file protein-v2.pdb (PDB, C-alpha atoms)
ATOM      1  CA  MET A 540     -43.058 156.320 -56.254
ATOM      2  CA  ALA A 541     -44.487 155.239 -59.572
ATOM      3  CA  ARG A 542     -43.917 157.542 -62.531
ATOM      4  CA  LYS A 543     -46.972 159.506 -63.605
ATOM      5  CA  LYS A 544     -48.337 158.452 -66.934
ATOM      6  CA  GLY A 545     -48.761 160.724 -69.901
ATOM      7  CA  ARG A 546     -46.788 163.114 -72.063
ATOM      8  CA  GLN A 547     -45.271 166.342 -70.798
ATOM      9  CA  ILE A 548     -46.928 168.739 -73.214
ATOM     10  CA  ASP A 549     -47.477 172.457 -72.677
ATOM     11  CA  GLY A 550     -50.211 174.440 -74.341
ATOM     12  CA  ILE A 551     -53.806 175.634 -74.539
ATOM     13  CA  LEU A 552     -56.667 174.073 -76.480
ATOM     14  CA  LEU A 553     -59.864 176.001 -77.182
ATOM     15  CA  LEU A 554     -62.706 173.511 -76.993
ATOM     16  CA  ASP A 555     -66.246 174.053 -78.232
ATOM     17  CA  LYS A 556     -67.970 172.215 -75.400
ATOM     18  CA  PRO A 557     -71.176 170.437 -76.408
ATOM     19  CA  SER A 558     -74.404 170.698 -74.458
ATOM     20  CA  GLY A 559     -75.223 167.917 -72.021
ATOM     21  CA  MET A 560     -71.645 167.358 -70.836
ATOM     22  CA  THR A 561     -69.858 168.644 -67.752
ATOM     23  CA  SER A 562     -66.693 170.668 -68.211
ATOM     24  CA  ASN A 563     -64.666 168.137 -66.211
ATOM     25  CA  ARG A 564     -65.818 165.270 -68.387
ATOM     26  CA  ALA A 565     -64.886 167.193 -71.528
ATOM     27  CA  LEU A 566     -61.458 167.934 -70.052
ATOM     28  CA  ARG A 567     -60.872 164.279 -69.189
ATOM     29  CA  ARG A 568     -61.719 163.165 -72.713
ATOM     30  CA  VAL A 569     -59.398 165.644 -74.415
ATOM     31  CA  SER A 570     -56.648 164.983 -71.875
ATOM     32  CA  ARG A 571     -56.888 161.252 -72.595
ATOM     33  CA  TRP A 572     -56.704 161.784 -76.352
ATOM     34  CA  LEU A 573     -53.659 164.028 -75.913
ATOM     35  CA  ASP A 574     -52.138 161.594 -73.409
ATOM     36  CA  ALA A 575     -51.371 164.661 -71.281
ATOM     37  CA  ARG A 576     -49.771 164.233 -67.900
ATOM     38  CA  LYS A 577     -51.228 167.419 -66.408
ATOM     39  CA  ALA A 578     -54.427 169.237 -67.372
ATOM     40  CA  GLY A 579     -56.963 171.759 -66.125
ATOM     41  CA  HIS A 580     -59.597 174.200 -67.339
ATOM     42  CA  THR A 581     -60.224 177.877 -66.672
ATOM     43  CA  GLY A 582     -63.780 177.958 -65.396
ATOM     44  CA  SER A 583     -66.668 175.543 -65.768
ATOM     45  CA  LEU A 584     -69.602 175.823 -68.103
ATOM     46  CA  ASP A 585     -72.966 174.436 -67.007
ATOM     47  CA  PRO A 586     -73.786 171.075 -68.612
ATOM     48  CA  LEU A 587     -76.532 172.769 -70.653
ATOM     49  CA  ALA A 588     -74.108 175.396 -72.005
ATOM     50  CA  THR A 589     -71.977 175.188 -75.132
ATOM     51  CA  GLY A 590     -69.020 177.143 -76.386
ATOM     52  CA  LEU A 591     -65.579 178.204 -75.304
ATOM     53  CA  LEU A 592     -63.891 176.029 -72.692
ATOM     54  CA  VAL A 593     -60.203 176.871 -72.368
ATOM     55  CA  LEU A 594     -58.196 173.730 -71.584
ATOM     56  CA  CYS A 595     -54.649 174.087 -70.241
ATOM     57  CA  PHE A 596     -51.990 171.398 -70.349
ATOM     58  CA  GLY A 597     -48.609 171.078 -68.660
ATOM     59  CA  GLU A 598     -46.974 174.391 -67.799
ATOM     60  CA  ALA A 599     -49.992 176.275 -69.165
ATOM     61  CA  THR A 600     -51.916 175.202 -66.033
ATOM     62  CA  LYS A 601     -49.728 177.620 -64.069
ATOM     63  CA  ILE A 602     -51.373 180.596 -65.742
ATOM     64  CA  SER A 603     -54.936 179.298 -65.739
ATOM     65  CA  GLY A 604     -55.703 181.271 -62.586
ATOM     66  CA  TRP A 605     -55.306 184.548 -64.457
ATOM     67  CA  LEU A 606     -57.853 183.392 -67.026
ATOM     68  CA  LEU A 607     -60.294 182.571 -64.232
ATOM     69  CA  ASP A 608     -60.294 186.291 -63.434
ATOM     70  CA  ALA A 609     -60.849 187.343 -67.055
ATOM     71  CA  ASP A 610     -63.997 188.894 -68.522
ATOM     72  CA  LYS A 611     -66.357 186.629 -70.437
ATOM     73  CA  GLN A 612     -68.976 186.965 -73.172
ATOM     74  CA  TYR A 613     -72.132 184.906 -73.625
ATOM     75  CA  VAL A 614     -75.137 184.569 -75.881
ATOM     76  CA  ALA A 615     -78.206 183.339 -73.995
ATOM     77  CA  THR A 616     -81.731 182.515 -75.044
ATOM     78  CA  ALA A 617     -84.183 183.426 -72.292
ATOM     79  CA  ARG A 618     -87.553 181.682 -72.210
ATOM     80  CA  LEU A 619     -90.078 184.069 -70.723
ATOM     81  CA  GLY A 620     -93.105 183.104 -68.651
ATOM     82  CA  VAL A 621     -91.584 179.953 -67.118
ATOM     83  CA  THR A 622     -89.406 179.759 -64.002
ATOM     84  CA  THR A 623     -87.465 176.668 -62.933
ATOM     85  CA  ASP A 624     -85.663 175.712 -59.742
ATOM     86  CA  SER A 625     -82.254 175.842 -61.457
ATOM     87  CA  ALA A 626     -83.102 178.895 -63.600
ATOM     88  CA  ASP A 627     -82.312 176.896 -66.737
ATOM     89  CA  ALA A 628     -84.004 174.341 -68.958
ATOM     90  CA  ASP A 629     -82.517 171.413 -67.006
ATOM     91  CA  GLY A 630     -84.539 172.336 -63.924
ATOM     92  CA  THR A 631     -88.018 171.548 -62.678
ATOM     93  CA  VAL A 632     -90.744 174.023 -63.621
ATOM     94  CA  LEU A 633     -91.874 176.036 -60.603
ATOM     95  CA  GLU A 634     -94.328 178.495 -62.125
ATOM     96  CA  GLN A 635     -95.800 179.615 -65.427
ATOM     97  CA  ARG A 636     -97.086 183.134 -66.039
ATOM     98  CA  PRO A 637     -98.385 184.971 -69.090
ATOM     99  CA  VAL A 638     -95.874 187.074 -70.984
ATOM    100  CA  PRO A 639     -96.967 190.720 -71.173
ATOM    101  CA  ASP A 640     -97.144 192.516 -74.493
ATOM    102  CA  LEU A 641     -93.737 194.197 -74.536
ATOM    103  CA  ASP A 642     -91.940 196.189 -77.226
ATOM    104  CA  ASP A 643     -88.261 196.863 -77.872
ATOM    105  CA  ASP A 644     -88.261 200.018 -75.761
ATOM    106  CA  ALA A 645     -89.745 198.208 -72.769
ATOM    107  CA  LEU A 646     -87.138 195.465 -73.072
ATOM    108  CA  ASP A 647     -84.242 197.902 -73.333
ATOM    109  CA  SER A 648     -85.535 199.865 -70.361
ATOM    110  CA  VAL A 649     -85.420 196.722 -68.227
ATOM    111  CA  LEU A 650     -82.003 195.677 -69.533
ATOM    112  CA  GLY A 651     -80.673 199.133 -68.634
ATOM    113  CA  ARG A 652     -81.177 198.313 -64.960
ATOM    114  CA  PHE A 653     -78.630 195.519 -65.248
ATOM    115  CA  ARG A 654     -75.831 197.340 -67.062
ATOM    116  CA  GLY A 655     -72.843 198.379 -64.999
ATOM    117  CA  GLU A 656     -72.096 197.213 -61.464
ATOM    118  CA  ILE A 657     -74.893 195.130 -59.968
ATOM    119  CA  GLU A 658     -75.443 192.730 -57.081
ATOM    120  CA  GLN A 659     -76.389 189.126 -57.767
ATOM    121  CA  VAL A 660     -77.560 186.409 -55.443
ATOM    122  CA  PRO A 661     -75.852 183.185 -56.579
ATOM    123  CA  PRO A 662     -78.286 180.429 -57.574
ATOM    124  CA  MET A 663     -78.767 177.400 -55.342
ATOM    125  CA  PHE A 664     -77.771 175.225 -58.281
ATOM    126  CA  SER A 665     -74.117 176.307 -58.224
ATOM    127  CA  ALA A 666     -70.741 174.970 -57.114
ATOM    128  CA  LEU A 667     -70.405 177.449 -54.257
ATOM    129  CA  LYS A 668     -70.080 175.901 -50.816
ATOM    130  CA  HIS A 669     -72.137 176.310 -47.653
ATOM    131  CA  GLN A 670     -70.666 174.755 -44.507
ATOM    132  CA  GLY A 671     -68.490 172.489 -46.606
ATOM    133  CA  ARG A 672     -71.164 171.304 -49.028
ATOM    134  CA  ARG A 673     -71.860 172.382 -52.611
ATOM    135  CA  LEU A 674     -75.019 174.417 -52.986
ATOM    136  CA  HIS A 675     -76.250 172.216 -55.842
ATOM    137  CA  GLU A 676     -76.025 169.181 -53.537
ATOM    138  CA  LEU A 677     -78.247 170.924 -50.982
ATOM    139  CA  ALA A 678     -80.625 172.097 -53.713
ATOM    140  CA  ARG A 679     -81.157 168.541 -54.932
ATOM    141  CA  GLU A 680     -82.172 167.619 -51.391
ATOM    142  CA  GLY A 681     -84.709 170.434 -51.375
ATOM    143  CA  ILE A 682     -82.646 172.585 -49.003
ATOM    144  CA  VAL A 683     -82.450 176.321 -49.613
ATOM    145  CA  VAL A 684     -79.951 178.467 -47.686
ATOM    146  CA  ASP A 685     -79.310 182.185 -47.603
ATOM    147  CA  ARG A 686     -76.643 183.361 -50.036
ATOM    148  CA  GLU A 687     -74.734 186.607 -49.785
ATOM    149  CA  PRO A 688     -75.133 188.831 -52.851
ATOM    150  CA  ARG A 689     -72.013 189.350 -54.954
ATOM    151  CA  ARG A 690     -70.960 192.411 -56.917
ATOM    152  CA  VAL A 691     -70.332 191.845 -60.624
ATOM    153  CA  ILE A 692     -70.027 194.183 -63.582
ATOM    154  CA  ILE A 693     -72.094 193.853 -66.735
ATOM    155  CA  HIS A 694     -69.981 195.710 -69.292
ATOM    156  CA  GLY A 695     -72.474 195.150 -72.079
ATOM    157  CA  LEU A 696     -76.025 193.807 -72.295
ATOM    158  CA  ALA A 697     -78.112 193.790 -75.461
ATOM    159  CA  GLY A 698     -81.319 191.918 -76.222
ATOM    160  CA  ARG A 699     -83.616 191.218 -79.127
ATOM    161  CA  TRP A 700     -86.894 189.391 -79.512
ATOM    162  CA  VAL A 701     -86.613 186.064 -81.317
ATOM    163  CA  ALA A 702     -90.172 184.919 -80.472
ATOM    164  CA  PRO A 703     -93.094 186.348 -78.477
ATOM    165  CA  ASP A 704     -91.839 184.491 -75.400
ATOM    166  CA  ARG A 705     -88.093 184.402 -76.079
ATOM    167  CA  ILE A 706     -85.299 186.956 -76.117
ATOM    168  CA  GLU A 707     -81.690 186.560 -77.143
ATOM    169  CA  LEU A 708     -79.254 188.274 -74.791
ATOM    170  CA  ARG A 709     -75.635 189.171 -75.493
ATOM    171  CA  VAL A 710     -73.716 189.623 -72.267
ATOM    172  CA  ASP A 711     -70.205 190.952 -71.654
ATOM    173  CA  CYS A 712     -69.388 190.532 -67.960
ATOM    174  CA  THR A 713     -66.789 190.069 -65.260
ATOM    175  CA  LYS A 714     -65.858 186.814 -63.563
ATOM    176  CA  GLY A 715     -68.381 185.390 -61.131
ATOM    177  CA  THR A 716     -71.425 186.489 -63.125
ATOM    178  CA  TYR A 717     -74.213 183.919 -63.173
ATOM    179  CA  ILE A 718     -76.116 184.216 -66.444
ATOM    180  CA  ARG A 719     -78.926 182.100 -64.978
ATOM    181  CA  SER A 720     -79.370 184.614 -62.146
ATOM    182  CA  LEU A 721     -79.217 187.498 -64.611
ATOM    183  CA  VAL A 722     -81.920 185.959 -66.812
ATOM    184  CA  SER A 723     -84.079 185.112 -63.796
ATOM    185  CA  ASP A 724     -83.837 188.677 -62.488
ATOM    186  CA  ILE A 725     -84.592 190.149 -65.913
ATOM    187  CA  GLY A 726     -87.643 187.901 -66.153
ATOM    188  CA  GLU A 727     -88.949 189.165 -62.821
ATOM    189  CA  CYS A 728     -88.488 192.766 -63.925
ATOM    190  CA  LEU A 729     -90.453 191.965 -67.076
ATOM    191  CA  GLY A 730     -93.243 190.666 -64.841
ATOM    192  CA  CYS A 731     -93.360 187.095 -66.082
ATOM    193  CA  GLY A 732     -90.256 185.254 -64.911
ATOM    194  CA  ALA A 733     -87.713 183.555 -67.173
ATOM    195  CA  HIS A 734     -85.104 180.832 -67.401
ATOM    196  CA  VAL A 735     -82.103 180.094 -69.604
ATOM    197  CA  GLU A 736     -83.169 177.896 -72.490
ATOM    198  CA  ALA A 737     -79.772 177.927 -74.252
ATOM    199  CA  LEU A 738     -76.402 179.380 -73.351
ATOM    200  CA  ARG A 739     -73.171 179.732 -75.310
ATOM    201  CA  ARG A 740     -69.871 181.241 -74.174
ATOM    202  CA  THR A 741     -68.315 183.100 -77.083
ATOM    203  CA  ALA A 742     -65.240 184.736 -75.530
ATOM    204  CA  LEU A 743     -62.994 184.580 -72.486
ATOM    205  CA  GLY A 744     -60.195 187.044 -71.769
ATOM    206  CA  PRO A 745     -57.947 187.423 -74.826
ATOM    207  CA  PHE A 746     -59.778 184.700 -76.745
ATOM    208  CA  ARG A 747     -62.357 186.683 -78.694
ATOM    209  CA  GLU A 748     -64.107 185.119 -81.665
ATOM    210  CA  PRO A 749     -61.635 182.243 -81.382
ATOM    211  CA  VAL A 750     -61.296 179.145 -83.497
ATOM    212  CA  MET A 751     -62.699 176.355 -81.322
ATOM    213  CA  TRP A 752     -62.448 172.605 -81.803
ATOM    214  CA  ALA A 753     -65.374 170.209 -81.518
ATOM    215  CA  LEU A 754     -64.982 166.983 -79.559
ATOM    216  CA  GLU A 755     -65.925 164.887 -82.586
ATOM    217  CA  ASP A 756     -63.151 166.423 -84.683
ATOM    218  CA  LEU A 757     -60.576 165.941 -81.933
ATOM    219  CA  GLU A 758     -61.598 162.346 -81.380
ATOM    220  CA  ASP A 759     -61.363 161.595 -85.085
ATOM    221  CA  LYS A 760     -57.928 163.142 -85.343
ATOM    222  CA  ALA A 761     -56.699 161.449 -82.170
ATOM    223  CA  SER A 762     -57.274 158.062 -83.812
ATOM    224  CA  SER A 763     -53.941 158.694 -85.559
ATOM    225  CA  GLY A 764     -52.198 159.105 -82.191
ATOM    226  CA  PRO A 765     -52.012 161.813 -79.504
ATOM    227  CA  GLU A 766     -49.330 163.743 -81.393
ATOM    228  CA  ALA A 767     -51.873 164.466 -84.126
ATOM    229  CA  LEU A 768     -53.615 166.900 -81.780
ATOM    230  CA  ASP A 769     -50.495 168.870 -80.891
ATOM    231  CA  GLU A 770     -51.011 171.266 -83.808
ATOM    232  CA  HIS A 771     -54.213 172.465 -82.124
ATOM    233  CA  LEU A 772     -52.333 173.625 -79.011
ATOM    234  CA  LEU A 773     -51.651 177.320 -78.549
ATOM    235  CA  PRO A 774     -48.513 178.411 -76.668
ATOM    236  CA  PRO A 775     -49.123 179.261 -72.982
ATOM    237  CA  ASP A 776     -48.327 182.958 -73.381
ATOM    238  CA  GLN A 777     -51.365 183.405 -75.645
ATOM    239  CA  ALA A 778     -53.493 183.427 -72.502
ATOM    240  CA  LEU A 779     -51.741 186.632 -71.406
ATOM    241  CA  ILE A 780     -51.368 188.372 -74.754
ATOM    242  CA  ASP A 781     -53.334 191.419 -73.525
ATOM    243  CA  HIS A 782     -50.665 192.162 -70.907
ATOM    244  CA  PRO A 783     -47.384 194.032 -71.539
ATOM    245  CA  ALA A 784     -44.236 192.084 -72.369
ATOM    246  CA  ALA A 785     -40.683 192.435 -71.052
ATOM    247  CA  VAL A 786     -37.606 190.974 -72.749
ATOM    248  CA  LEU A 787     -34.555 190.166 -70.638
ATOM    249  CA  PRO A 788     -31.005 190.827 -71.828
ATOM    250  CA  ALA A 789     -28.668 188.065 -72.937
ATOM    251  CA  GLY A 790     -27.720 185.998 -69.920
ATOM    252  CA  GLY A 791     -30.582 187.357 -67.804
ATOM    253  CA  ALA A 792     -32.865 184.330 -68.034
ATOM    254  CA  PRO A 793     -30.966 182.064 -65.556
ATOM    255  CA  ALA A 794     -31.043 184.715 -62.823
ATOM    256  CA  PHE A 795     -34.734 185.424 -63.417
ATOM    257  CA  CYS A 796     -35.537 181.696 -63.296
ATOM    258  CA  GLN A 797     -33.702 181.488 -59.971
ATOM    259  CA  GLY A 798     -36.014 184.088 -58.464
ATOM    260  CA  GLN A 799     -33.965 187.244 -58.989
ATOM    261  CA  ALA A 800     -35.190 190.572 -60.362
ATOM    262  CA  VAL A 801     -33.517 191.386 -63.677
ATOM    263  CA  SER A 802     -33.384 194.700 -65.539
ATOM    264  CA  PRO A 803     -34.985 194.265 -68.980
ATOM    265  CA  ALA A 804     -33.080 194.729 -72.222
ATOM    266  CA  THR A 805     -34.862 198.061 -72.758
ATOM    267  CA  ALA A 806     -36.446 200.322 -70.152
ATOM    268  CA  LEU A 807     -40.063 199.496 -69.416
ATOM    269  CA  ALA A 808     -42.784 201.806 -70.668
ATOM    270  CA  PRO A 809     -44.849 203.641 -68.010
ATOM    271  CA  GLU A 810     -47.797 201.268 -68.449
ATOM    272  CA  SER A 811     -45.511 198.300 -67.890
ATOM    273  CA  LEU A 812     -44.089 199.792 -64.692
ATOM    274  CA  THR A 813     -47.563 199.935 -63.156
ATOM    275  CA  ALA A 814     -48.942 196.713 -64.654
ATOM    276  CA  THR A 815     -49.773 193.927 -62.213
ATOM    277  CA  LEU A 816     -48.627 191.327 -64.733
ATOM    278  CA  LEU A 817     -45.859 191.199 -67.332
ATOM    279  CA  ARG A 818     -45.126 188.481 -69.860
ATOM    280  CA  VAL A 819     -41.413 187.823 -69.526
ATOM    281  CA  TYR A 820     -39.226 186.474 -72.337
ATOM    282  CA  SER A 821     -35.571 185.568 -72.667
ATOM    283  CA  ASP A 822     -33.427 187.246 -75.322
ATOM    284  CA  THR A 823     -34.016 184.149 -77.496
ATOM    285  CA  GLY A 824     -37.797 184.592 -77.318
ATOM    286  CA  ALA A 825     -38.549 181.810 -74.821
ATOM    287  CA  PHE A 826     -41.548 182.570 -72.589
ATOM    288  CA  LEU A 827     -40.203 182.365 -69.035
ATOM    289  CA  GLY A 828     -43.304 183.182 -67.048
ATOM    290  CA  ILE A 829     -45.070 186.025 -65.283
ATOM    291  CA  GLY A 830     -43.281 188.958 -63.705
ATOM    292  CA  ARG A 831     -43.859 192.397 -62.263
ATOM    293  CA  ALA A 832     -41.757 195.542 -62.277
ATOM    294  CA  ASP A 833     -40.157 196.531 -58.982
ATOM    295  CA  ASP A 834     -39.457 200.064 -57.807
ATOM    296  CA  ASP A 835     -36.163 200.136 -59.712
ATOM    297  CA  GLY A 836     -37.722 199.118 -63.029
ATOM    298  CA  ALA A 837     -36.325 195.587 -62.866
ATOM    299  CA  VAL A 838     -38.573 192.605 -63.540
ATOM    300  CA  ALA A 839     -39.179 190.284 -60.600
ATOM    301  CA  PRO A 840     -40.665 186.816 -61.138
ATOM    302  CA  ARG A 841     -44.183 185.984 -59.930
ATOM    303  CA  ARG A 842     -44.730 182.608 -61.619
ATOM    304  CA  LEU A 843     -42.082 180.707 -63.534
ATOM    305  CA  LEU A 844     -42.589 178.144 -66.258
ATOM    306  CA  VAL A 845     -40.328 175.132 -66.564
ATOM    307  CA  GLN A 846     -38.192 175.405 -69.687
ATOM    308  CA  ARG A 847     -38.224 172.001 -71.373
ATOM    309  CA  SER A 848     -35.551 172.855 -73.917
ATOM    310  CA  SER A 849     -32.138 174.460 -73.813
ATOM    311  CA  GLY A 850     -33.387 177.421 -75.812
ATOM    312  CA  GLY A 851     -34.620 179.313 -72.730
TER     313      GLY A 851
END
call {"tool": "encode", "arguments": {"input": "protein-v2.pdb", "output": "structure tokens"}}
result
Amino acid sequence: MARKKGRQIDGILLLDKPSGMTSNRALRRVSRWLDARKAGHTGSLDPLATGLLVLCFGEATKISGWLLDADKQYVATARLGVTTDSADADGTVLEQRPVPDLDDDALDSVLGRFRGEIEQVPPMFSALKHQGRRLHELAREGIVVDREPRRVIIHGLAGRWVAPDRIELRVDCTKGTYIRSLVSDIGECLGCGAHVEALRRTALGPFREPVMWALEDLEDKASSGPEALDEHLLPPDQALIDHPAAVLPAGGAPAFCQGQAVSPATALAPESLTATLLRVYSDTGAFLGIGRADDDGAVAPRRLLVQRSSGG
């Protein structure tokens, strides 16, 4: 079997995705500049959207699934009075209606209906599958199918008028929330319909108000060679920094990496005993992977990272 091309690099890069580009295309470009052997991202942004796209390389791809489940924050501009088939500005206009004369209190009253746990019907223009086909593929053929509503939680929702027919929304939500569906539903409650004119993801999981890198800057730096981008990589454990940590005693790392539960160097705190996820480190500080406390207070491995140096 031929050897896979690319460097074995491990880390996370926080990309500021530009509008008009798919998340997969952005990932491929950065992966090529880094000459990375293995790469993935932690949840797509619509082509229209900009902002935080968390790219994982090497061993960091093993923890990307936990970021997929993380809460997210967005800033969206909703255009009132115009509905489109995709619920965003890339779609075809379906209907135009006059925007009623609304004040701040009326807007906040409507937004209050969407705070907390709500049910959303996923849009037809989405990557969900129906009988083996993506919904957006069916939508482009003019086919509309029934979609089961999904429960999501809107932790925070604030809005302000930026024009007579536009509102800016700040949304803090759980995974699986469709901002396009949220804006469309808000527009219907306002009596005029709406679609997403602009959308930006500002936070994901532990990455709040993060430093993000633009494609142009990465491309310029990569002209000096793929190693020039390595300084922009965050260590894999930064994706889990909100979770408790456990440090193993000297000599405990080999047993843990062979699948055995190991008692930590110091007894785990009560919150760590009940946590579903622990960051596990060797006594030398090497990040070994993800673990969970067993009934005896030992740390059992859930997902191990390959240690590429003798320091682990």
call {"tool": "closest_residue", "arguments": {"input": "protein-v2.pdb", "among": "A:Arg739, A:His734, A:Lys577, A:Lys611", "to": "Lys556 in chain A", "atoms": "all atoms listed in the file"}}
result
A:Arg739
call {"tool": "resolve_selection", "arguments": {"input": "protein-v2.pdb", "expression": "the PyMOL selection byres ((chain A and resi 656-658) around 9)", "output": "list in words"}}
result
Arg652, Phe653, Arg654, Gly655, Gln659, Val660, Pro688, Arg689, Arg690, Val691, Ile692, Ile693 and His694 of chain A
call {"tool": "write_last_selection", "arguments": {"input": "protein-v2.pdb", "atoms": "C-alpha atoms", "output": "mmCIF file, keeping the file's coordinate frame"}}
result
data_model
loop_
_atom_site.group_PDB
_atom_site.id
_atom_site.type_symbol
_atom_site.label_atom_id
_atom_site.label_comp_id
_atom_site.auth_asym_id
_atom_site.auth_seq_id
_atom_site.Cartn_x
_atom_site.Cartn_y
_atom_site.Cartn_z
ATOM 1 C CA ARG A 652 -81.177 198.313 -64.960
ATOM 2 C CA PHE A 653 -78.630 195.519 -65.248
ATOM 3 C CA ARG A 654 -75.831 197.340 -67.062
ATOM 4 C CA GLY A 655 -72.843 198.379 -64.999
ATOM 5 C CA GLN A 659 -76.389 189.126 -57.767
ATOM 6 C CA VAL A 660 -77.560 186.409 -55.443
ATOM 7 C CA PRO A 688 -75.133 188.831 -52.851
ATOM 8 C CA ARG A 689 -72.013 189.350 -54.954
ATOM 9 C CA ARG A 690 -70.960 192.411 -56.917
ATOM 10 C CA VAL A 691 -70.332 191.845 -60.624
ATOM 11 C CA ILE A 692 -70.027 194.183 -63.582
ATOM 12 C CA ILE A 693 -72.094 193.853 -66.735
ATOM 13 C CA HIS A 694 -69.981 195.710 -69.292
#
call {"tool": "resolve_selection", "arguments": {"input": "protein-v2.pdb", "expression": "the PyMOL selection byres ((chain A and resi 815) around 9)", "output": "PyMOL selection string"}}
result
chain A and resi 782+811-814+816-817+830-832
call {"tool": "residues_around", "arguments": {"input": "protein-v2.pdb", "residues": "Lys714 in chain A", "least_positions_apart": "3", "cutoff": "7 Å", "atoms": "all atoms listed in the file", "output": "list in words"}}
result
Asp608, Ala609, Asp610 and Lys611 of chain A
call {"tool": "write_last_selection", "arguments": {"input": "protein-v2.pdb", "atoms": "C-alpha atoms", "output": "PDB file, keeping the file's coordinate frame"}}
result
ATOM      1  CA  ASP A 608     -60.294 186.291 -63.434  1.00  0.00           C
ATOM      2  CA  ALA A 609     -60.849 187.343 -67.055  1.00  0.00           C
ATOM      3  CA  ASP A 610     -63.997 188.894 -68.522  1.00  0.00           C
ATOM      4  CA  LYS A 611     -66.357 186.629 -70.437  1.00  0.00           C
TER       5      LYS A 611
END
call {"tool": "closest_residue", "arguments": {"input": "protein-v2.pdb", "among": "A:Val614, A:Leu743, A:Ala792, A:Val735", "to": "Asp627 in chain A", "atoms": "all atoms listed in the file"}}
result
A:Val735
call {"tool": "residues_around", "arguments": {"input": "protein-v2.pdb", "residues": "Lys544 in chain A", "least_positions_apart": "4", "cutoff": "12 Å", "atoms": "all atoms listed in the file", "output": "MDAnalysis selection string"}}
result
chainID A and resid 570:571 573:577
call {"tool": "closest_residue", "arguments": {"input": "protein-v2.pdb", "among": "A:Thr581, A:Ser821, A:Thr589, A:Thr716", "to": "Ser558 in chain A", "atoms": "all atoms listed in the file"}}
result
A:Thr589
call {"tool": "closest_residue", "arguments": {"input": "protein-v2.pdb", "among": "A:Val649, A:Met751, A:Val801, A:Trp572", "to": "Asp724 in chain A", "atoms": "only C-alpha atoms"}}
result
A:Val649
call {"tool": "closest_residue", "arguments": {"input": "protein-v2.pdb", "among": "A:Tyr717, A:Phe795, A:Trp605, A:Phe596", "to": "Phe826 in chain A", "atoms": "only C-alpha atoms"}}
result
A:Phe795
call {"tool": "atom_distance", "arguments": {"input": "protein-v2.pdb", "atom1": "CA of Pro793 in chain A", "atom2": "CA of Asp781 in chain A"}}
result
25.5 Å
call {"tool": "residues_around", "arguments": {"input": "protein-v2.pdb", "residues": "Ala697 in chain A", "least_positions_apart": "2", "cutoff": "7 Å", "atoms": "only C-alpha atoms", "output": "PyMOL selection string"}}
result
chain A and resi 695+708-710
call {"tool": "resolve_selection", "arguments": {"input": "protein-v2.pdb", "expression": "the PyMOL selection byres ((chain A and resi 593-595) around 8)", "output": "PDB file with C-alpha atoms, in the coordinates of the input"}}
result
ATOM      1  CA  ASP A 549     -47.477 172.457 -72.677  1.00  0.00           C
ATOM      2  CA  GLY A 550     -50.211 174.440 -74.341  1.00  0.00           C
ATOM      3  CA  ILE A 551     -53.806 175.634 -74.539  1.00  0.00           C
ATOM      4  CA  LEU A 552     -56.667 174.073 -76.480  1.00  0.00           C
ATOM      5  CA  LEU A 553     -59.864 176.001 -77.182  1.00  0.00           C
ATOM      6  CA  LEU A 554     -62.706 173.511 -76.993  1.00  0.00           C
ATOM      7  CA  LEU A 566     -61.458 167.934 -70.052  1.00  0.00           C
ATOM      8  CA  ALA A 578     -54.427 169.237 -67.372  1.00  0.00           C
ATOM      9  CA  GLY A 579     -56.963 171.759 -66.125  1.00  0.00           C
ATOM     10  CA  HIS A 580     -59.597 174.200 -67.339  1.00  0.00           C
ATOM     11  CA  THR A 581     -60.224 177.877 -66.672  1.00  0.00           C
ATOM     12  CA  GLY A 582     -63.780 177.958 -65.396  1.00  0.00           C
ATOM     13  CA  LEU A 591     -65.579 178.204 -75.304  1.00  0.00           C
ATOM     14  CA  LEU A 592     -63.891 176.029 -72.692  1.00  0.00           C
ATOM     15  CA  PHE A 596     -51.990 171.398 -70.349  1.00  0.00           C
ATOM     16  CA  GLY A 597     -48.609 171.078 -68.660  1.00  0.00           C
ATOM     17  CA  ALA A 599     -49.992 176.275 -69.165  1.00  0.00           C
ATOM     18  CA  THR A 600     -51.916 175.202 -66.033  1.00  0.00           C
ATOM     19  CA  SER A 603     -54.936 179.298 -65.739  1.00  0.00           C
TER      20      SER A 603
END
call {"tool": "atom_distance", "arguments": {"input": "protein-v2.pdb", "atom1": "CA of Glu810 in chain A", "atom2": "CA of Val845 in chain A"}}
result
27.2 Å
call {"tool": "residues_near_point", "arguments": {"input": "protein-v2.pdb", "point": "(-94.2, 184.3, -70.8)", "cutoff": "9 Å", "atoms": "all atoms listed in the file", "output": "list in words"}}
result
Arg618, Leu619, Gly620, Val621, Gln635, Arg636, Pro637, Val638, Pro639, Pro703, Asp704, Arg705, Gly726, Gly730, Cys731, Gly732 and Ala733 of chain A
call {"tool": "residues_around", "arguments": {"input": "protein-v2.pdb", "residues": "Pro788 in chain A", "least_positions_apart": "5", "cutoff": "12 Å", "atoms": "all atoms listed in the file", "output": "number ranges by chain"}}
result
A: 793-795, 801-806, 819-824, 837-838
call {"tool": "atom_distance", "arguments": {"input": "protein-v2.pdb", "atom1": "CA of Glu707 in chain A", "atom2": "CA of Ala615 in chain A"}}
result
5.7 Å
call {"tool": "closest_residue", "arguments": {"input": "protein-v2.pdb", "among": "A:Glu770, A:Asp834, A:Glu736, A:Asp640", "to": "Ile548 in chain A", "atoms": "all atoms listed in the file"}}
result
A:Glu770
call {"tool": "residues_near_point", "arguments": {"input": "protein-v2.pdb", "point": "(-58.7, 186.9, -74.5)", "cutoff": "8 Å", "atoms": "only C-alpha atoms", "output": "PyMOL selection string"}}
result
chain A and resi 609+742-747+778-781
